[in-house]
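Undergrad: Before I ask anything, let me first share the structure, which is written out below as C-alpha cells.
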Amino acid sequence: MVSVVIGISTIILFSVFSEAQLEQKTFVSHSGQIINTSGDVLDPLYTASTVEFDPEMYLRDFNYGIISESTNGKIIREFTIIADDDKIQEISPGVFYNVWTFNGTVPGPTIRATEGDLVRINFINNGSKSHTMHFHGIHQAEMDGVFEIVGPGGGRFTYEFEAGPVGVHPYHCHVMPLEEHIVRGLYGVFIVDPKESRPPADEMVMVLNGFDTDFDTENNFYAANTIPFYYQHHPIQINTGELIRIYVVNMVEFDPINNFHLHGNLYQYYPTGTDLVPSFYTDMITLSQTERGIMEFQYTFPGKYLFHAHKVEFSEKGWVGLFLVKDNSTSSEVQYGN
Ligand SMILES: [Cu+2]
C-alpha cells in the first residue's frame with residue numbers, strides 16, 4: 001500500500017516537474033542579456049514579457065472605440081489605453097530593446113473619430129514610471145496630458161475632448177525626460193475624419209520611427225512601422241487604378257528631418273490633413289518631429305515600386321518598403337484593401 005502511494009506521488013511529482021522543465025521561457029539577465037530557455041531554468045530572477053508586433057496588421061488597423069450616443073445626440077467614442085514600460089521587443093534580428101508601449105505595441109493603436117465626436121480615453125498606467133497621453137489637436141488645458149502626471153502602478157486618468165481639427169495627429173507621452181518617453185515607443189496616431197467622409201480608398205497608416213539601441217542619442221535603426229525593412233521583405237499589395245491613402249506621421253527623434261519618397265509615381269499631399277484640398281503634387285516630402293500629413297495616389301502600371309527615406313542613411317538602416325501593384329484592369333469593381 002505504502003509503495004503504491006509513493007509510486008503514485010512520484011509519478012505526479014515527476015509529471016509536474018517535467019511540465020515545468022518543458023516550458024520555454026524568455027529571461028533577462030543582470031547584464032540585459034536575453035535568454036531563451038529550452039525549459040531547464042525553473043526559477044529565474046528576472047523575467048520579461050516580449051512584444052509581438054505585426055506591421056502587416058498595424059498598417060490597416062483602425063480603432064474606432066466603443067460607440068455610444070449622449071442624450072443630445074453626440075457620438076461618444078470610448079477607448080481604453082494601457083501604458084507599460086517593461087516589455088522587450090526584438091527590434092531587429094538579435095537586437096532586443098526595452099520598449100515602452102500603449103496597449104502593448106509601438107506605435108500604440110490608431111485612434112480614429114469623426115470631427116465633433118466626443119473622445120473619451122480611459123488611460124491606465126501599469127508602468128513603473130509616470131506617463132501621460134498628450135494629443136496634438138484642440139482641447140482644454142487639463143486634457144493636454146502635460147501637467148496631470150499619471151502615476152505608476154495603476155494610475156488612472158480620463159481624457160475627454162471633442163475630436164478636431166480634421167486631419168492626422170500624433171499622440172504621445174509627455175513626461176520628462178520627454179525624449180526618452182518618446183523614443184522608447186510611447187506614441188501613436190489619432191485620425192480625425194471630416195463629417196463628410198473622404199472618398200473610399202485603400203487606407204493605411206505609416207509611422208516613421210527610429211530606435212537608439214545603444215543609447216548614444218543617435219538612432220541605430222529606422223522604419224516605417226517599427227520593424228526595419230519589413231515592407232521590403234513583405235511588400236504591401238495594392239491594385240492599379242485604386243486610390244491609396246496613407247496617413248504618415250514622423251516620430252523620429254534625434255535626427256532633425258525625415259522624408260518619404262515614392263517611386264514611379266507622384267502623390268497629392270495634404271499637410272496635417274487639415275485641408276480637403278491638397279497642397280502639393282510631389283514624390284518627396286520632408287518632415288520634422290511630429291510633422292505629418294495625408295498622401296493620396298494611384299498606380300497606372302503594375303509591378304514593384306520602392307518607397308523610402310531619401311535620406312539614404314535612414315533607408316539603408318531600415319526605412320524602406322515596397323508596393324506590389326497588381327493589375328486590376330480586368331476587375332469590374334475596385335476592391336479596396338485587397
Ligand atoms: Cu511616459
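Identifiers for the C-alpha cells are assigned positionally: chains receive A, B, ... in sequence, residues are indexed from 1 per chain, and ligands are indexed from 1 in the order shown.
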Please check which protein, DNA or RNA residues sit within 10 Å of ligand 1, counting only C-alpha atoms and all ligand atoms, and write them as a PyMOL selection string.

TA: chain A and resi 83-85+100-102+125+127-134+149-152+172-187

Undergrad: Please, could you write that set of residues out with N, CA and C atoms as a compact mmCIF listing (two decimals), in the first residue's frame?

TA:
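Output file selection_4.txt follows:
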```txt
# COMPACT_ATOMS: atom_id res chain seq x y z
N ALA A 83 -0.66 51.91 -20.51
CA ALA A 83 0.79 52.12 -20.71
C ALA A 83 1.58 51.09 -19.91
N ASP A 84 2.65 50.60 -20.51
CA ASP A 84 3.58 49.67 -19.85
C ASP A 84 5.00 50.09 -20.22
N ASP A 85 5.96 49.76 -19.36
CA ASP A 85 7.34 50.10 -19.72
C ASP A 85 8.33 48.98 -19.41
N TRP A 100 8.60 50.89 -24.46
CA TRP A 100 7.51 51.36 -23.60
C TRP A 100 6.30 51.46 -24.52
N THR A 101 5.17 50.94 -24.07
CA THR A 101 4.07 50.70 -25.01
C THR A 101 2.73 51.29 -24.55
N PHE A 102 1.90 51.67 -25.51
CA PHE A 102 0.48 51.92 -25.29
C PHE A 102 -0.24 50.69 -25.85
N ASN A 125 -2.05 53.60 -16.28
CA ASN A 125 -0.59 53.49 -16.33
C ASN A 125 -0.14 52.29 -15.49
N GLY A 127 2.79 51.02 -15.85
CA GLY A 127 4.25 51.05 -15.90
C GLY A 127 4.87 51.27 -14.53
N SER A 128 6.20 51.37 -14.53
CA SER A 128 6.94 51.62 -13.30
C SER A 128 7.36 53.09 -13.21
N LYS A 129 7.02 53.86 -14.23
CA LYS A 129 7.32 55.29 -14.26
C LYS A 129 6.03 56.05 -14.55
N SER A 130 6.05 57.36 -14.31
CA SER A 130 4.87 58.17 -14.62
C SER A 130 4.74 58.31 -16.14
N HIS A 131 3.50 58.32 -16.63
CA HIS A 131 3.26 58.53 -18.06
C HIS A 131 1.97 59.33 -18.23
N THR A 132 1.80 59.89 -19.41
CA THR A 132 0.54 60.58 -19.74
C THR A 132 0.22 60.33 -21.21
N MET A 133 -0.89 60.86 -21.67
CA MET A 133 -1.19 60.89 -23.10
C MET A 133 -1.43 62.34 -23.49
N HIS A 134 -0.60 62.80 -24.39
CA HIS A 134 -0.72 64.17 -24.89
C HIS A 134 -1.14 64.07 -26.36
N ILE A 149 0.16 64.52 -14.27
CA ILE A 149 1.02 63.34 -14.36
C ILE A 149 0.26 62.13 -13.80
N VAL A 150 0.30 61.02 -14.53
CA VAL A 150 -0.40 59.80 -14.10
C VAL A 150 0.63 58.83 -13.53
N GLY A 151 0.49 58.55 -12.26
CA GLY A 151 1.50 57.79 -11.52
C GLY A 151 1.59 56.33 -11.95
N PRO A 152 2.72 55.70 -11.62
CA PRO A 152 2.94 54.30 -11.99
C PRO A 152 2.09 53.33 -11.17
N HIS A 172 1.27 61.20 -27.83
CA HIS A 172 2.46 60.62 -27.20
C HIS A 172 2.50 60.98 -25.73
N CYS A 173 3.32 60.26 -24.99
CA CYS A 173 3.52 60.56 -23.58
C CYS A 173 4.25 61.90 -23.49
N HIS A 174 3.94 62.69 -22.41
CA HIS A 174 4.61 63.99 -22.29
C HIS A 174 5.24 64.15 -20.91
N VAL A 175 5.82 63.07 -20.40
CA VAL A 175 6.50 63.14 -19.09
C VAL A 175 7.99 63.31 -19.36
N MET A 176 8.66 64.09 -18.49
CA MET A 176 10.10 64.31 -18.63
C MET A 176 10.90 63.12 -18.08
N PRO A 177 12.06 62.79 -18.63
CA PRO A 177 12.64 63.38 -19.83
C PRO A 177 11.89 62.92 -21.08
N LEU A 178 11.32 63.90 -21.74
CA LEU A 178 10.39 63.64 -22.83
C LEU A 178 11.00 62.79 -23.95
N GLU A 179 12.25 63.11 -24.26
CA GLU A 179 12.92 62.40 -25.35
C GLU A 179 12.89 60.89 -25.10
N GLU A 180 13.20 60.50 -23.85
CA GLU A 180 13.24 59.07 -23.55
C GLU A 180 11.84 58.45 -23.63
N HIS A 181 10.84 59.19 -23.11
CA HIS A 181 9.48 58.63 -23.11
C HIS A 181 8.95 58.47 -24.53
N ILE A 182 9.46 59.28 -25.45
CA ILE A 182 9.03 59.13 -26.85
C ILE A 182 9.85 58.05 -27.56
N VAL A 183 11.17 58.13 -27.45
CA VAL A 183 11.98 57.18 -28.25
C VAL A 183 11.76 55.73 -27.81
N ARG A 184 11.34 55.55 -26.57
CA ARG A 184 11.06 54.18 -26.11
C ARG A 184 9.80 53.61 -26.75
N GLY A 185 8.95 54.50 -27.29
CA GLY A 185 7.80 53.99 -28.05
C GLY A 185 6.42 54.45 -27.63
N LEU A 186 6.33 55.41 -26.71
CA LEU A 186 5.00 55.83 -26.24
C LEU A 186 4.39 56.87 -27.18
N TYR A 187 3.94 56.40 -28.33
CA TYR A 187 3.29 57.28 -29.30
C TYR A 187 2.34 56.48 -30.18
```

Undergrad: Using only C-alpha atoms, determine which residues lie at most 8 Å from Val252 in chain A, disregarding the query and same-chain residues fewer than 6 positions distant; provide the list as a list of chain:residue names.

TA: A:Val183, A:Leu208, A:Asn209, A:Gly210, A:Asn258, A:Gln289, A:Thr290

Undergrad: Keeping C-alpha atoms for every residue in the selection just given, could you write it to a file as a PDB file, in the first residue's frame?

TA:
```pdb
ATOM      1  CA  VAL A 183      11.976  57.181 -28.247  1.00  0.00           C
ATOM      2  CA  LEU A 208       8.163  56.762 -39.369  1.00  0.00           C
ATOM      3  CA  ASN A 209      10.214  55.823 -36.338  1.00  0.00           C
ATOM      4  CA  GLY A 210      13.712  55.002 -35.200  1.00  0.00           C
ATOM      5  CA  ASN A 258      12.927  62.534 -42.217  1.00  0.00           C
ATOM      6  CA  GLN A 289       9.488  65.872 -35.490  1.00  0.00           C
ATOM      7  CA  THR A 290       5.746  65.006 -35.283  1.00  0.00           C
TER       8      THR A 290
END
```

Undergrad: As a ChimeraX atom specification, which residues of range 134-336 of chain A does DSSP assign to alpha helix (DSSP H)?

TA: /A:178-183,230-233,312-316

Undergrad: Restricting the calculation to only C-alpha atoms, which member of A:Glu90, A:Glu296, A:Glu148, A:Asp117 is positioned closest to Glu69 in chain A?

TA: A:Asp117

Undergrad: Can you list, as a PyMOL selection string, every protein, DNA or RNA residue that comes within 10 Å of Phe62 in chain A when you count only C-alpha atoms, leaving out same-chain residues fewer than 2 positions away?

TA: chain A and resi 57-60+64-65+109-113+189-191+203-205

Undergrad: Neighbouring residues of range 216-223 of chain A were defined as those with any atom within 10 Å, considering only C-alpha atoms; residues of the same chain fewer than 2 positions away were excluded. Please report them as an mmCIF file with N, CA and C atoms, in the first residue's frame.

TA:
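The new file selection_38.cif reads:
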```cif
data_model
loop_
_atom_site.group_PDB
_atom_site.id
_atom_site.type_symbol
_atom_site.label_atom_id
_atom_site.label_comp_id
_atom_site.auth_asym_id
_atom_site.auth_seq_id
_atom_site.Cartn_x
_atom_site.Cartn_y
_atom_site.Cartn_z
ATOM 1 N N ILE A 91 13.823 44.239 -31.935
ATOM 2 C CA ILE A 91 13.671 45.344 -32.893
ATOM 3 C C ILE A 91 14.209 44.959 -34.261
ATOM 4 N N SER A 92 15.304 44.217 -34.243
ATOM 5 C CA SER A 92 15.950 43.749 -35.456
ATOM 6 C C SER A 92 16.501 42.374 -35.089
ATOM 7 N N GLU A 179 12.249 63.111 -24.257
ATOM 8 C CA GLU A 179 12.919 62.402 -25.347
ATOM 9 C C GLU A 179 12.891 60.889 -25.095
ATOM 10 N N GLU A 180 13.201 60.503 -23.851
ATOM 11 C CA GLU A 180 13.238 59.075 -23.546
ATOM 12 C C GLU A 180 11.844 58.455 -23.628
ATOM 13 N N VAL A 183 11.170 58.134 -27.452
ATOM 14 C CA VAL A 183 11.976 57.181 -28.247
ATOM 15 C C VAL A 183 11.757 55.731 -27.810
ATOM 16 N N MET A 206 1.309 54.940 -41.703
ATOM 17 C CA MET A 206 2.746 54.696 -41.592
ATOM 18 C C MET A 206 3.340 55.672 -40.592
ATOM 19 N N VAL A 207 3.852 55.109 -39.519
ATOM 20 C CA VAL A 207 4.579 55.912 -38.540
ATOM 21 C C VAL A 207 6.058 55.730 -38.832
ATOM 22 N N LEU A 208 6.730 56.831 -39.109
ATOM 23 C CA LEU A 208 8.163 56.762 -39.369
ATOM 24 C C LEU A 208 8.852 56.867 -38.013
ATOM 25 N N ASN A 209 9.590 55.810 -37.668
ATOM 26 C CA ASN A 209 10.214 55.823 -36.338
ATOM 27 C C ASN A 209 11.643 55.278 -36.388
ATOM 28 N N GLY A 210 12.326 55.442 -35.282
ATOM 29 C CA GLY A 210 13.712 55.002 -35.200
ATOM 30 C C GLY A 210 13.993 54.498 -33.796
ATOM 31 N N PHE A 211 15.061 53.725 -33.659
ATOM 32 C CA PHE A 211 15.419 53.193 -32.342
ATOM 33 C C PHE A 211 16.899 53.383 -32.061
ATOM 34 N N ASP A 212 17.173 53.949 -30.891
ATOM 35 C CA ASP A 212 18.547 54.151 -30.444
ATOM 36 C C ASP A 212 18.877 53.014 -29.483
ATOM 37 N N THR A 213 19.343 51.914 -30.051
ATOM 38 C CA THR A 213 19.506 50.713 -29.220
ATOM 39 C C THR A 213 20.827 50.684 -28.448
ATOM 40 N N ASP A 214 21.721 51.658 -28.697
ATOM 41 C CA ASP A 214 22.951 51.707 -27.882
ATOM 42 C C ASP A 214 23.052 52.995 -27.062
ATOM 43 N N ASN A 225 6.709 51.932 -39.510
ATOM 44 C CA ASN A 225 6.012 50.996 -38.632
ATOM 45 C C ASN A 225 6.948 49.996 -37.939
ATOM 46 N N THR A 226 7.976 50.530 -37.327
ATOM 47 C CA THR A 226 8.758 49.863 -36.272
ATOM 48 C C THR A 226 9.775 48.820 -36.707
ATOM 49 N N ILE A 227 9.421 47.919 -37.611
ATOM 50 C CA ILE A 227 10.354 46.839 -37.952
ATOM 51 C C ILE A 227 11.154 47.221 -39.199
ATOM 52 N N PRO A 228 12.484 47.418 -39.055
ATOM 53 C CA PRO A 228 13.304 47.796 -40.202
ATOM 54 C C PRO A 228 13.139 46.814 -41.370
ATOM 55 N N PHE A 229 13.051 47.335 -42.569
ATOM 56 C CA PHE A 229 12.983 46.555 -43.817
ATOM 57 C C PHE A 229 11.720 45.690 -43.947
ATOM 58 N N TYR A 230 10.759 45.832 -43.028
ATOM 59 C CA TYR A 230 9.624 44.892 -43.027
ATOM 60 C C TYR A 230 8.884 44.872 -44.365
ATOM 61 N N TYR A 231 8.498 46.073 -44.843
ATOM 62 C CA TYR A 231 7.694 46.092 -46.068
ATOM 63 C C TYR A 231 8.535 45.861 -47.329
ATOM 64 N N VAL A 252 10.384 60.194 -35.559
ATOM 65 C CA VAL A 252 11.834 60.001 -35.357
ATOM 66 C C VAL A 252 12.373 61.121 -34.472
ATOM 67 N N GLU A 253 13.083 60.757 -33.420
ATOM 68 C CA GLU A 253 13.785 61.719 -32.577
ATOM 69 C C GLU A 253 15.242 61.792 -33.020
ATOM 70 N N PHE A 254 15.975 62.717 -32.450
ATOM 71 C CA PHE A 254 17.431 62.914 -32.650
ATOM 72 C C PHE A 254 17.782 63.487 -34.023
ATOM 73 N N ASP A 255 17.215 62.956 -35.098
ATOM 74 C CA ASP A 255 17.521 63.470 -36.435
ATOM 75 C C ASP A 255 16.518 64.570 -36.771
ATOM 76 N N ASN A 258 13.167 63.849 -41.623
ATOM 77 C CA ASN A 258 12.927 62.534 -42.217
ATOM 78 C C ASN A 258 12.210 62.828 -43.527
ATOM 79 N N HIS A 308 10.683 55.022 -49.738
ATOM 80 C CA HIS A 308 11.760 55.054 -48.739
ATOM 81 C C HIS A 308 12.137 56.481 -48.375
ATOM 82 N N ALA A 309 12.936 56.608 -47.316
ATOM 83 C CA ALA A 309 13.524 57.898 -46.972
ATOM 84 C C ALA A 309 14.559 58.221 -48.031
ATOM 85 N N GLU A 313 20.844 57.340 -45.528
ATOM 86 C CA GLU A 313 21.273 56.657 -44.302
ATOM 87 C C GLU A 313 20.082 55.943 -43.654
ATOM 88 N N PHE A 314 18.923 56.625 -43.643
ATOM 89 C CA PHE A 314 17.752 56.036 -42.992
ATOM 90 C C PHE A 314 17.248 54.809 -43.763
ATOM 91 N N SER A 315 17.242 54.920 -45.103
ATOM 92 C CA SER A 315 16.730 53.783 -45.879
ATOM 93 C C SER A 315 17.675 52.582 -45.763
ATOM 94 N N GLU A 316 18.981 52.860 -45.648
ATOM 95 C CA GLU A 316 19.929 51.748 -45.515
ATOM 96 C C GLU A 316 19.882 51.111 -44.133
ATOM 97 N N LYS A 317 19.290 51.846 -43.170
ATOM 98 C CA LYS A 317 19.136 51.285 -41.824
ATOM 99 C C LYS A 317 17.688 50.866 -41.560
ATOM 100 N N GLY A 318 16.916 50.641 -42.620
ATOM 101 C CA GLY A 318 15.616 50.015 -42.417
ATOM 102 C C GLY A 318 14.380 50.703 -42.942
ATOM 103 N N TRP A 319 14.457 52.049 -43.172
ATOM 104 C CA TRP A 319 13.237 52.759 -43.596
ATOM 105 C C TRP A 319 13.121 52.684 -45.121
ATOM 106 N N VAL A 320 12.654 51.519 -45.564
ATOM 107 C CA VAL A 320 12.456 51.261 -46.981
ATOM 108 C C VAL A 320 11.372 50.192 -47.117
ATOM 109 N N GLY A 321 10.543 50.319 -48.138
ATOM 110 C CA GLY A 321 9.498 49.317 -48.340
ATOM 111 C C GLY A 321 9.145 49.207 -49.815
#
```

Undergrad: If we count only C-alpha atoms and set the cut-off at 7 Å, which residues sit around Val119 in chain A, ignoring sequence neighbours fewer than 6 positions away in its own chain? Please answer as a PyMOL selection string.

TA: chain A and resi 76-78+160-163

Undergrad: Given only C-alpha atoms as the basis, pick out the residue of A:Gly108, A:Gly241, A:Pro302, A:Pro55 nearest to Thr80 in chain A.

TA: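 Among the listed residues, the smallest separation from Thr80 in chain A belongs to A:Gly108.
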
Undergrad: So, with only C-alpha atoms as the atoms that count, which of A:Phe157, A:Asn250, A:Pro165, A:Ile124 lies closest to His139 in chain A?

TA: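 Using only C-alpha atoms, the shortest distance to His139 in chain A belongs to A:Pro165.
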
Undergrad: Near Phe280 in chain A, counting only C-alpha atoms, which residues have an atom at most 9 Å away, once you skip same-chain residues fewer than 4 positions from it, shown as number ranges by chain?

TA: A: 267-271

Undergrad: From the set A:Thr114, A:Pro278, A:Asn122, A:Glu52, which residue has the shortest atom-to-atom contact distance to Phe79 in chain A, counting only C-alpha atoms?

TA: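 Smallest distance to Phe79 in chain A is found for A:Asn122.
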
Undergrad: Quick one: everything within 10 Å of range 195-200 of chain A, counting only C-alpha atoms, minus sequence neighbours fewer than 5 positions away in the same chain. Send it as a VMD selection string.

TA: chain A and resid 113 to 117 166 242 to 245 276 336

Undergrad: So, with only C-alpha atoms as the atoms that count, which of A:Lys87, A:Ile236, A:Met143, A:His169 lies closest to Glu56 in chain A?

TA: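 Closest candidate: A:Ile236.
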
Undergrad: Can you list every residue in range 29-190 of chain A that DSSP puts in strand (DSSP E or B), as a short mmCIF file (atom, residue, chain, number, x, y, z; two decimals) with N, CA and C atoms, in the first residue's frame?

TA:
```
data_model
loop_
_atom_site.label_atom_id
_atom_site.label_comp_id
_atom_site.auth_asym_id
_atom_site.auth_seq_id
_atom_site.Cartn_x
_atom_site.Cartn_y
_atom_site.Cartn_z
N ILE A 34 19.32 38.56 -23.13
CA ILE A 34 18.05 37.83 -23.24
C ILE A 34 18.36 36.35 -23.40
N ILE A 35 17.74 35.55 -22.56
CA ILE A 35 17.99 34.11 -22.64
C ILE A 35 16.69 33.40 -22.96
N ASN A 36 16.67 32.69 -24.06
CA ASN A 36 15.52 31.84 -24.39
C ASN A 36 15.85 30.44 -23.91
N THR A 50 7.66 39.59 -23.80
CA THR A 50 8.13 40.08 -25.09
C THR A 50 6.96 40.62 -25.91
N ASN A 63 -8.80 51.85 -34.89
CA ASN A 63 -9.62 51.61 -33.71
C ASN A 63 -10.62 52.76 -33.54
N ILE A 66 -15.42 52.23 -28.58
CA ILE A 66 -16.78 51.73 -28.28
C ILE A 66 -17.71 52.93 -28.43
N ILE A 67 -18.69 52.76 -29.31
CA ILE A 67 -19.51 53.92 -29.70
C ILE A 67 -20.82 53.96 -28.93
N SER A 68 -21.14 55.12 -28.39
CA SER A 68 -22.46 55.34 -27.78
C SER A 68 -22.92 56.75 -28.14
N GLU A 69 -24.12 57.09 -27.69
CA GLU A 69 -24.65 58.40 -28.05
C GLU A 69 -25.09 59.12 -26.79
N ILE A 75 -22.03 61.73 -30.70
CA ILE A 75 -21.38 60.42 -30.72
C ILE A 75 -20.24 60.41 -29.71
N ILE A 76 -20.22 59.40 -28.85
CA ILE A 76 -19.13 59.25 -27.87
C ILE A 76 -18.30 58.05 -28.29
N ARG A 77 -17.00 58.22 -28.39
CA ARG A 77 -16.10 57.10 -28.69
C ARG A 77 -15.17 56.89 -27.51
N GLU A 78 -15.27 55.71 -26.93
CA GLU A 78 -14.53 55.43 -25.71
C GLU A 78 -13.41 54.42 -25.98
N PHE A 79 -12.24 54.72 -25.49
CA PHE A 79 -11.06 53.88 -25.70
C PHE A 79 -10.41 53.60 -24.34
N THR A 80 -9.83 52.43 -24.20
CA THR A 80 -9.01 52.15 -23.01
C THR A 80 -7.58 51.97 -23.48
N ILE A 81 -6.71 52.78 -22.94
CA ILE A 81 -5.29 52.72 -23.32
C ILE A 81 -4.46 52.43 -22.07
N ILE A 82 -3.66 51.38 -22.16
CA ILE A 82 -2.83 50.97 -21.02
C ILE A 82 -1.36 51.16 -21.36
N ALA A 83 -0.66 51.91 -20.51
CA ALA A 83 0.79 52.12 -20.71
C ALA A 83 1.58 51.09 -19.91
N ASP A 84 2.65 50.60 -20.51
CA ASP A 84 3.58 49.67 -19.85
C ASP A 84 5.00 50.09 -20.22
N ASP A 85 5.96 49.76 -19.36
CA ASP A 85 7.34 50.10 -19.72
C ASP A 85 8.33 48.98 -19.41
N ASP A 86 7.84 47.75 -19.36
CA ASP A 86 8.74 46.64 -19.00
C ASP A 86 8.88 45.60 -20.12
N LYS A 87 8.41 45.92 -21.32
CA LYS A 87 8.39 44.89 -22.36
C LYS A 87 9.68 44.92 -23.20
N ILE A 88 10.00 43.75 -23.73
CA ILE A 88 11.20 43.62 -24.55
C ILE A 88 10.75 43.28 -25.97
N GLN A 89 11.32 43.97 -26.95
CA GLN A 89 11.00 43.64 -28.34
C GLN A 89 12.27 43.38 -29.13
N GLU A 90 12.21 42.37 -29.99
CA GLU A 90 13.33 42.11 -30.89
C GLU A 90 13.17 43.09 -32.06
N ILE A 91 13.82 44.24 -31.94
CA ILE A 91 13.67 45.34 -32.89
C ILE A 91 14.21 44.96 -34.26
N SER A 92 15.30 44.22 -34.24
CA SER A 92 15.95 43.75 -35.46
C SER A 92 16.50 42.37 -35.09
N VAL A 95 18.50 41.84 -31.89
CA VAL A 95 18.64 43.08 -31.12
C VAL A 95 17.38 43.26 -30.27
N PHE A 96 17.56 43.10 -28.96
CA PHE A 96 16.42 43.19 -28.04
C PHE A 96 16.45 44.54 -27.34
N TYR A 97 15.30 45.15 -27.21
CA TYR A 97 15.23 46.53 -26.74
C TYR A 97 14.01 46.67 -25.84
N ASN A 98 14.19 47.42 -24.75
CA ASN A 98 13.10 47.63 -23.80
C ASN A 98 12.17 48.72 -24.33
N VAL A 99 11.04 48.30 -24.92
CA VAL A 99 10.07 49.26 -25.46
C VAL A 99 9.07 49.65 -24.38
N TRP A 100 8.60 50.89 -24.46
CA TRP A 100 7.51 51.36 -23.60
C TRP A 100 6.30 51.46 -24.52
N THR A 101 5.17 50.94 -24.07
CA THR A 101 4.07 50.70 -25.01
C THR A 101 2.73 51.29 -24.55
N PHE A 102 1.90 51.67 -25.51
CA PHE A 102 0.48 51.92 -25.29
C PHE A 102 -0.24 50.69 -25.85
N THR A 105 1.99 47.75 -27.83
CA THR A 105 2.73 47.81 -29.09
C THR A 105 3.33 49.20 -29.32
N ILE A 111 -6.09 55.59 -33.23
CA ILE A 111 -7.38 56.02 -32.70
C ILE A 111 -8.07 56.88 -33.76
N ARG A 112 -9.33 56.55 -34.02
CA ARG A 112 -10.00 57.24 -35.13
C ARG A 112 -11.38 57.73 -34.72
N ALA A 113 -11.70 58.96 -35.06
CA ALA A 113 -13.00 59.54 -34.73
C ALA A 113 -13.41 60.50 -35.85
N THR A 114 -14.64 60.96 -35.79
CA THR A 114 -15.11 61.96 -36.76
C THR A 114 -15.16 63.31 -36.05
N LEU A 118 -17.24 63.09 -29.32
CA LEU A 118 -16.60 63.19 -28.01
C LEU A 118 -15.67 61.99 -27.85
N VAL A 119 -14.39 62.26 -27.68
CA VAL A 119 -13.42 61.17 -27.49
C VAL A 119 -13.15 61.04 -26.00
N ARG A 120 -13.32 59.82 -25.50
CA ARG A 120 -13.04 59.57 -24.08
C ARG A 120 -12.00 58.47 -23.99
N ILE A 121 -10.88 58.79 -23.35
CA ILE A 121 -9.79 57.82 -23.23
C ILE A 121 -9.65 57.44 -21.76
N ASN A 122 -9.92 56.19 -21.44
CA ASN A 122 -9.65 55.70 -20.08
C ASN A 122 -8.21 55.24 -20.05
N PHE A 123 -7.36 56.08 -19.49
CA PHE A 123 -5.92 55.80 -19.51
C PHE A 123 -5.49 55.16 -18.19
N ILE A 124 -4.79 54.05 -18.31
CA ILE A 124 -4.29 53.33 -17.13
C ILE A 124 -2.78 53.18 -17.29
N ASN A 125 -2.05 53.60 -16.28
CA ASN A 125 -0.59 53.49 -16.33
C ASN A 125 -0.14 52.29 -15.49
N HIS A 131 3.50 58.32 -16.63
CA HIS A 131 3.26 58.53 -18.06
C HIS A 131 1.97 59.33 -18.23
N HIS A 134 -0.60 62.80 -24.39
CA HIS A 134 -0.72 64.17 -24.89
C HIS A 134 -1.14 64.07 -26.36
N PHE A 135 -2.33 64.58 -26.66
CA PHE A 135 -2.81 64.57 -28.05
C PHE A 135 -2.48 65.90 -28.70
N VAL A 150 0.30 61.02 -14.53
CA VAL A 150 -0.40 59.80 -14.10
C VAL A 150 0.63 58.83 -13.53
N GLY A 155 -1.98 54.00 -11.98
CA GLY A 155 -2.56 55.35 -12.00
C GLY A 155 -3.55 55.49 -13.16
N ARG A 156 -4.57 56.32 -12.94
CA ARG A 156 -5.61 56.45 -13.97
C ARG A 156 -5.91 57.91 -14.27
N PHE A 157 -6.34 58.16 -15.48
CA PHE A 157 -6.81 59.50 -15.86
C PHE A 157 -7.77 59.31 -17.02
N THR A 158 -8.84 60.12 -17.04
CA THR A 158 -9.75 60.07 -18.17
C THR A 158 -9.59 61.35 -19.00
N TYR A 159 -9.14 61.16 -20.22
CA TYR A 159 -9.03 62.30 -21.14
C TYR A 159 -10.34 62.39 -21.91
N GLU A 160 -10.86 63.62 -22.02
CA GLU A 160 -12.12 63.78 -22.74
C GLU A 160 -12.06 65.07 -23.55
N PHE A 161 -12.31 64.98 -24.82
CA PHE A 161 -12.28 66.18 -25.66
C PHE A 161 -13.05 65.92 -26.95
N GLU A 162 -13.37 67.01 -27.62
CA GLU A 162 -14.06 66.90 -28.90
C GLU A 162 -13.01 66.65 -29.99
N GLY A 167 -7.96 65.81 -39.63
CA GLY A 167 -6.58 65.57 -40.05
C GLY A 167 -5.97 64.36 -39.39
N VAL A 168 -4.65 64.31 -39.42
CA VAL A 168 -3.91 63.21 -38.80
C VAL A 168 -2.96 63.83 -37.78
N HIS A 169 -3.05 63.32 -36.55
CA HIS A 169 -2.29 63.92 -35.46
C HIS A 169 -1.57 62.83 -34.66
N PRO A 170 -0.43 63.15 -34.08
CA PRO A 170 0.18 62.17 -33.20
C PRO A 170 -0.37 62.30 -31.77
N TYR A 171 -0.28 61.24 -31.01
CA TYR A 171 -0.41 61.34 -29.54
C TYR A 171 0.84 60.69 -28.97
N HIS A 172 1.27 61.20 -27.83
CA HIS A 172 2.46 60.62 -27.20
C HIS A 172 2.50 60.98 -25.73
N TYR A 187 3.94 56.40 -28.33
CA TYR A 187 3.29 57.28 -29.30
C TYR A 187 2.34 56.48 -30.18
N GLY A 188 1.49 57.22 -30.88
CA GLY A 188 0.55 56.57 -31.80
C GLY A 188 -0.12 57.63 -32.66
N VAL A 189 -1.08 57.21 -33.45
CA VAL A 189 -1.71 58.10 -34.43
C VAL A 189 -3.19 58.30 -34.09
N PHE A 190 -3.63 59.55 -34.25
CA PHE A 190 -5.01 59.94 -33.99
C PHE A 190 -5.55 60.57 -35.28
#
```

Undergrad: Could you please determine the separation between CA of Gln237 in chain A and CA of Lys326 in chain A in Å, to one decimal place?

TA: 7.1 Å

Undergrad: Between A:Phe297, A:Val277, A:Gln232, A:Asn259, single out the one closest to Ile246 in chain A, counting only C-alpha atoms.

TA: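 Answer, going by the shortest atom-to-atom distance: A:Phe297.
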